[in-house]
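Have a look at protein_14.cif below; it lists mmCIF, C-alpha atoms.
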data_run
#
loop_
_atom_site.group_PDB
_atom_site.id
_atom_site.type_symbol
_atom_site.label_atom_id
_atom_site.label_comp_id
_atom_site.auth_asym_id
_atom_site.auth_seq_id
_atom_site.Cartn_x
_atom_site.Cartn_y
_atom_site.Cartn_z
ATOM 1 C CA MET U 15 0.000 0.000 0.000
ATOM 2 C CA ASN U 16 1.285 3.461 -0.871
ATOM 3 C CA ASP U 17 2.079 5.756 2.009
ATOM 4 C CA ILE U 18 -0.131 8.802 1.457
ATOM 5 C CA LYS U 19 2.731 11.186 2.253
ATOM 6 C CA ASN U 20 4.579 9.842 -0.790
ATOM 7 C CA GLU U 21 1.540 10.587 -2.896
ATOM 8 C CA VAL U 22 0.613 14.030 -1.503
ATOM 9 C CA LYS U 23 3.084 16.910 -1.340
ATOM 10 C CA ILE U 24 2.473 19.975 0.833
ATOM 11 C CA VAL U 25 3.967 23.084 -0.791
ATOM 12 C CA ALA U 26 4.006 26.810 -0.041
ATOM 13 C CA TYR U 27 1.982 29.328 -2.004
ATOM 14 C CA GLU U 28 3.297 30.386 -5.384
ATOM 15 C CA PRO U 29 1.489 32.753 -7.780
ATOM 16 C CA GLN U 30 0.737 29.831 -10.110
ATOM 17 C CA TYR U 31 -1.612 28.451 -7.404
ATOM 18 C CA LYS U 32 -3.663 31.634 -6.943
ATOM 19 C CA GLU U 33 -6.558 30.402 -9.092
ATOM 20 C CA ALA U 34 -6.543 27.014 -7.357
ATOM 21 C CA PHE U 35 -6.814 28.776 -3.973
ATOM 22 C CA LYS U 36 -9.973 30.524 -5.126
ATOM 23 C CA ALA U 37 -11.458 27.599 -7.070
ATOM 24 C CA LEU U 38 -10.986 25.030 -4.272
ATOM 25 C CA ASN U 39 -12.562 27.342 -1.703
ATOM 26 C CA GLU U 40 -15.450 28.402 -3.938
ATOM 27 C CA GLU U 41 -16.207 24.752 -4.627
ATOM 28 C CA TRP U 42 -16.661 23.774 -0.975
ATOM 29 C CA ILE U 43 -18.266 27.004 0.229
ATOM 30 C CA LYS U 44 -20.936 26.838 -2.510
ATOM 31 C CA THR U 45 -21.652 23.214 -1.578
ATOM 32 C CA PHE U 46 -22.753 24.184 1.943
ATOM 33 C CA PHE U 47 -23.147 27.964 2.159
ATOM 34 C CA VAL U 48 -23.242 31.270 0.304
ATOM 35 C CA ILE U 49 -19.968 33.001 -0.498
ATOM 36 C CA GLU U 50 -19.693 36.214 1.515
ATOM 37 C CA ALA U 51 -17.863 39.467 0.802
ATOM 38 C CA GLY U 52 -15.175 38.508 3.334
ATOM 39 C CA ASP U 53 -14.538 35.300 1.402
ATOM 40 C CA TYR U 54 -13.993 37.140 -1.865
ATOM 41 C CA LYS U 55 -11.646 39.639 -0.222
ATOM 42 C CA LEU U 56 -9.276 36.812 0.745
ATOM 43 C CA LEU U 57 -9.872 34.590 -2.285
ATOM 44 C CA ASP U 58 -9.380 37.345 -4.863
ATOM 45 C CA ASN U 59 -6.382 38.931 -3.108
ATOM 46 C CA PRO U 60 -4.488 36.283 -1.125
ATOM 47 C CA GLU U 61 -1.165 38.083 -1.475
ATOM 48 C CA GLU U 62 -2.550 41.388 -0.185
ATOM 49 C CA TYR U 63 -4.759 40.099 2.637
ATOM 50 C CA ILE U 64 -2.890 36.992 3.802
ATOM 51 C CA LEU U 65 0.734 36.770 2.660
ATOM 52 C CA ASN U 66 1.702 40.454 2.840
ATOM 53 C CA LYS U 67 0.250 40.658 6.346
ATOM 54 C CA GLY U 68 2.477 37.904 7.730
ATOM 55 C CA GLY U 69 0.327 34.920 6.827
ATOM 56 C CA TYR U 70 0.960 31.731 4.888
ATOM 57 C CA ILE U 71 -0.887 29.564 2.384
ATOM 58 C CA VAL U 72 -0.073 25.950 1.614
ATOM 59 C CA PHE U 73 -1.320 23.539 -1.013
ATOM 60 C CA ALA U 74 -1.628 19.793 -1.203
ATOM 61 C CA LEU U 75 -0.444 18.504 -4.564
ATOM 62 C CA LEU U 76 -1.565 15.121 -5.806
ATOM 63 C CA ASN U 77 0.184 14.129 -9.039
ATOM 64 C CA ASN U 78 1.316 17.779 -9.313
ATOM 65 C CA GLU U 79 -2.290 19.074 -9.196
ATOM 66 C CA ALA U 80 -3.424 21.360 -6.352
ATOM 67 C CA VAL U 81 -6.231 19.377 -4.699
ATOM 68 C CA GLY U 82 -6.254 21.088 -1.319
ATOM 69 C CA THR U 83 -5.313 24.340 0.342
ATOM 70 C CA CYS U 84 -5.307 26.079 3.697
ATOM 71 C CA ALA U 85 -4.197 29.464 5.006
ATOM 72 C CA LEU U 86 -2.651 30.650 8.238
ATOM 73 C CA VAL U 87 -3.830 34.243 8.601
ATOM 74 C CA LYS U 88 -2.001 36.466 11.067
ATOM 75 C CA ARG U 89 -4.560 37.865 13.510
ATOM 76 C CA LYS U 90 -2.623 39.633 16.268
ATOM 77 C CA ASP U 91 0.928 40.387 17.249
ATOM 78 C CA ASN U 92 0.270 40.267 20.955
ATOM 79 C CA PRO U 93 -0.660 37.621 21.838
ATOM 80 C CA PHE U 94 0.882 36.232 18.671
ATOM 81 C CA THR U 95 -2.165 34.581 17.070
ATOM 82 C CA PHE U 96 -2.982 33.046 13.705
ATOM 83 C CA GLU U 97 -6.276 31.898 12.238
ATOM 84 C CA LEU U 98 -6.466 28.593 10.393
ATOM 85 C CA SER U 99 -8.602 29.637 7.442
ATOM 86 C CA LYS U 100 -9.793 28.705 3.967
ATOM 87 C CA MET U 101 -9.167 24.969 4.247
ATOM 88 C CA ALA U 102 -10.552 23.251 1.190
ATOM 89 C CA VAL U 103 -10.018 19.831 -0.354
ATOM 90 C CA SER U 104 -11.381 18.875 -3.751
ATOM 91 C CA PRO U 105 -14.141 16.236 -3.535
ATOM 92 C CA LYS U 106 -12.092 14.041 -5.891
ATOM 93 C CA ALA U 107 -9.258 13.952 -3.337
ATOM 94 C CA GLN U 108 -11.253 13.564 -0.124
ATOM 95 C CA GLY U 109 -10.603 10.548 2.053
ATOM 96 C CA LYS U 110 -6.833 10.784 1.581
ATOM 97 C CA LYS U 111 -6.180 12.661 4.860
ATOM 98 C CA ILE U 112 -5.255 15.794 2.907
ATOM 99 C CA GLY U 113 -7.111 18.106 5.284
ATOM 100 C CA TYR U 114 -5.178 16.644 8.188
ATOM 101 C CA LEU U 115 -1.849 17.004 6.365
ATOM 102 C CA LEU U 116 -2.628 20.649 5.527
ATOM 103 C CA GLY U 117 -3.773 21.465 9.057
ATOM 104 C CA ALA U 118 -0.837 19.696 10.689
ATOM 105 C CA ALA U 119 1.637 21.493 8.409
ATOM 106 C CA LEU U 120 0.222 24.888 9.380
ATOM 107 C CA VAL U 121 0.011 24.071 13.096
ATOM 108 C CA ASP U 122 3.684 23.032 12.942
ATOM 109 C CA LEU U 123 4.496 26.271 11.132
ATOM 110 C CA ALA U 124 2.673 28.312 13.797
ATOM 111 C CA LYS U 125 4.670 26.497 16.497
ATOM 112 C CA ASN U 126 7.933 27.189 14.653
ATOM 113 C CA LEU U 127 6.945 30.870 14.442
ATOM 114 C CA HIS U 128 6.398 30.858 18.229
ATOM 115 C CA ALA U 129 2.714 31.719 17.934
ATOM 116 C CA GLU U 130 0.770 31.513 21.175
ATOM 117 C CA LYS U 131 -2.407 30.196 19.618
ATOM 118 C CA VAL U 132 -4.232 29.297 16.437
ATOM 119 C CA VAL U 133 -7.954 29.997 16.166
ATOM 120 C CA LEU U 134 -10.550 28.959 13.608
ATOM 121 C CA GLU U 135 -14.165 29.471 12.671
ATOM 122 C CA THR U 136 -16.432 26.845 11.151
ATOM 123 C CA ASN U 137 -19.996 25.576 11.075
ATOM 124 C CA SER U 138 -21.556 22.665 12.939
ATOM 125 C CA VAL U 139 -22.794 21.032 9.712
ATOM 126 C CA LEU U 140 -19.150 20.358 8.795
ATOM 127 C CA VAL U 141 -18.822 17.402 11.157
ATOM 128 C CA PRO U 142 -15.778 15.805 9.420
ATOM 129 C CA ALA U 143 -13.940 19.147 9.550
ATOM 130 C CA ILE U 144 -14.701 19.607 13.250
ATOM 131 C CA LYS U 145 -13.454 16.076 13.977
ATOM 132 C CA LEU U 146 -10.290 16.902 12.016
ATOM 133 C CA TYR U 147 -9.711 20.087 14.045
ATOM 134 C CA GLU U 148 -10.280 18.175 17.289
ATOM 135 C CA LYS U 149 -7.741 15.578 16.139
ATOM 136 C CA LEU U 150 -5.259 18.435 15.585
ATOM 137 C CA GLY U 151 -5.840 19.499 19.202
ATOM 138 C CA PHE U 152 -8.289 22.389 18.783
ATOM 139 C CA LYS U 153 -10.808 22.974 21.594
ATOM 140 C CA HIS U 154 -14.257 24.541 21.316
ATOM 141 C CA VAL U 155 -14.563 28.095 22.685
ATOM 142 C CA PRO U 156 -17.492 30.531 22.982
ATOM 143 C CA ILE U 157 -18.215 32.469 19.791
ATOM 144 C CA VAL U 158 -16.893 36.029 19.798
ATOM 145 C CA ASP U 159 -16.937 38.416 16.816
ATOM 146 C CA ALA U 160 -17.576 35.776 14.149
ATOM 147 C CA GLY U 161 -16.092 36.774 10.806
ATOM 148 C CA TYR U 162 -18.847 35.210 8.669
ATOM 149 C CA ASP U 163 -22.618 34.752 8.949
ATOM 150 C CA ARG U 164 -22.201 30.966 8.640
ATOM 151 C CA VAL U 165 -19.992 30.677 11.753
ATOM 152 C CA ASP U 166 -21.553 28.808 14.647
ATOM 153 C CA VAL U 167 -18.389 27.110 15.931
ATOM 154 C CA GLN U 168 -15.138 28.704 17.069
ATOM 155 C CA MET U 169 -12.138 26.705 18.199
ATOM 156 C CA GLU U 170 -8.611 27.438 19.351
ATOM 157 C CA LEU U 171 -5.356 25.644 19.884
ATOM 158 C CA ASN U 172 -3.070 26.987 22.600
ATOM 159 C CA LEU U 173 0.544 26.455 21.620
ATOM 160 C CA ASN U 174 2.397 27.824 24.655
ATOM 161 C CA MET U 175 1.602 25.011 27.055
#

Show how you would write the structure in this file as structure tokens.
Amino acid sequence: MNDIKNEVKIVAYEPQYKEAFKALNEEWIKTFFVIEAGDYKLLDNPEEYILNKGGYIVFALLNNEAVGTCALVKRKDNPFTFELSKMAVSPKAQGKKIGYLLGAALVDLAKNLHAEKVVLETNSVLVPAIKLYEKLGFKHVPIVDAGYDRVDVQMELNLNM
């Protein structure tokens, strides 16, 4: 049996992946929700709103095709906090643990950057995603200042334990 890590490569954002970042996210958001203005701001301008503000975007490549993506958006300098955001995996690549590989790569990056915590927002209908975040160590927290109408779950991972 092939080890999935040999099959899937996690790579950093490059301009050639900009359209994949938008397309992958549009695909999953439209499946469950309505795309909001805040989504388009990030999806249309990832360099301006994520990368240039100290954030990171990674992609999962399967046979050199971007089939998954996730961003680490810098939220605050003090305490040093990132948001795990815009995780999307193409339906054709689901079931290969790609979401976990993306999330784990960004949690490791946040640790290496000495972040104090990583937060995220999601929706309770996304049960597999919530289980994935719990597996990565995220804990449920009360909802405060949700960034999107669809948010009914907020979670955080404290890194300075």

Task: Sphere at (-0.8, 13.8, -3.4), radius 12 Å, counting all atoms listed in the file: residues as a ChimeraX atom specification - done: /U:16-25,73-82,103-104,106-113,115-116

Residues from the last selection, C-alpha atoms, saved as a short mmCIF file (atom, residue, chain, number, x, y, z; two decimals), keeping the file's coordinate frame:
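The result, written out as result_14.cif:
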data_model
loop_
_atom_site.label_atom_id
_atom_site.label_comp_id
_atom_site.auth_asym_id
_atom_site.auth_seq_id
_atom_site.Cartn_x
_atom_site.Cartn_y
_atom_site.Cartn_z
CA ASN U 16 1.28 3.46 -0.87
CA ASP U 17 2.08 5.76 2.01
CA ILE U 18 -0.13 8.80 1.46
CA LYS U 19 2.73 11.19 2.25
CA ASN U 20 4.58 9.84 -0.79
CA GLU U 21 1.54 10.59 -2.90
CA VAL U 22 0.61 14.03 -1.50
CA LYS U 23 3.08 16.91 -1.34
CA ILE U 24 2.47 19.98 0.83
CA VAL U 25 3.97 23.08 -0.79
CA PHE U 73 -1.32 23.54 -1.01
CA ALA U 74 -1.63 19.79 -1.20
CA LEU U 75 -0.44 18.50 -4.56
CA LEU U 76 -1.56 15.12 -5.81
CA ASN U 77 0.18 14.13 -9.04
CA ASN U 78 1.32 17.78 -9.31
CA GLU U 79 -2.29 19.07 -9.20
CA ALA U 80 -3.42 21.36 -6.35
CA VAL U 81 -6.23 19.38 -4.70
CA GLY U 82 -6.25 21.09 -1.32
CA VAL U 103 -10.02 19.83 -0.35
CA SER U 104 -11.38 18.88 -3.75
CA LYS U 106 -12.09 14.04 -5.89
CA ALA U 107 -9.26 13.95 -3.34
CA GLN U 108 -11.25 13.56 -0.12
CA GLY U 109 -10.60 10.55 2.05
CA LYS U 110 -6.83 10.78 1.58
CA LYS U 111 -6.18 12.66 4.86
CA ILE U 112 -5.26 15.79 2.91
CA GLY U 113 -7.11 18.11 5.28
CA LEU U 115 -1.85 17.00 6.36
CA LEU U 116 -2.63 20.65 5.53
#

- [ ] Write out as a PyMOL selection string each polymer residue whose atoms come within 12 Å of region 148-162 of chain U, counting only C-alpha atoms; drop sequence neighbours fewer than 4 positions from it.
- [x] chain U and resi 43+47-54+89+97-99+111+113-122+131-138+141-144+166-173

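The result of the PyMOL selection byres ((chain U and resi 63) around 12) on the shown file is Gly52, Asp53, Tyr54, Lys55, Leu56, Leu57, Asp58, Asn59, Pro60, Glu61, Glu62, Ile64, Leu65, Asn66, Lys67, Gly68, Gly69, Tyr70, Ile71, Ala85, Leu86, Val87, Lys88 and Arg89 of chain U.
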
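The two atoms in question, CA of Val139 (chain U) and CA of Val72 (chain U), are spaced 24.6 Å apart.
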
Open item on the list: For a quick check of understanding, using all atoms listed in the file, which of U:Ala26, U:Leu123, U:Phe46, U:Ala129 has the smallest distance to Phe94 (chain U)?
Closed with: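 Distance minimum relative to Phe94 (chain U) lands on U:Ala129.
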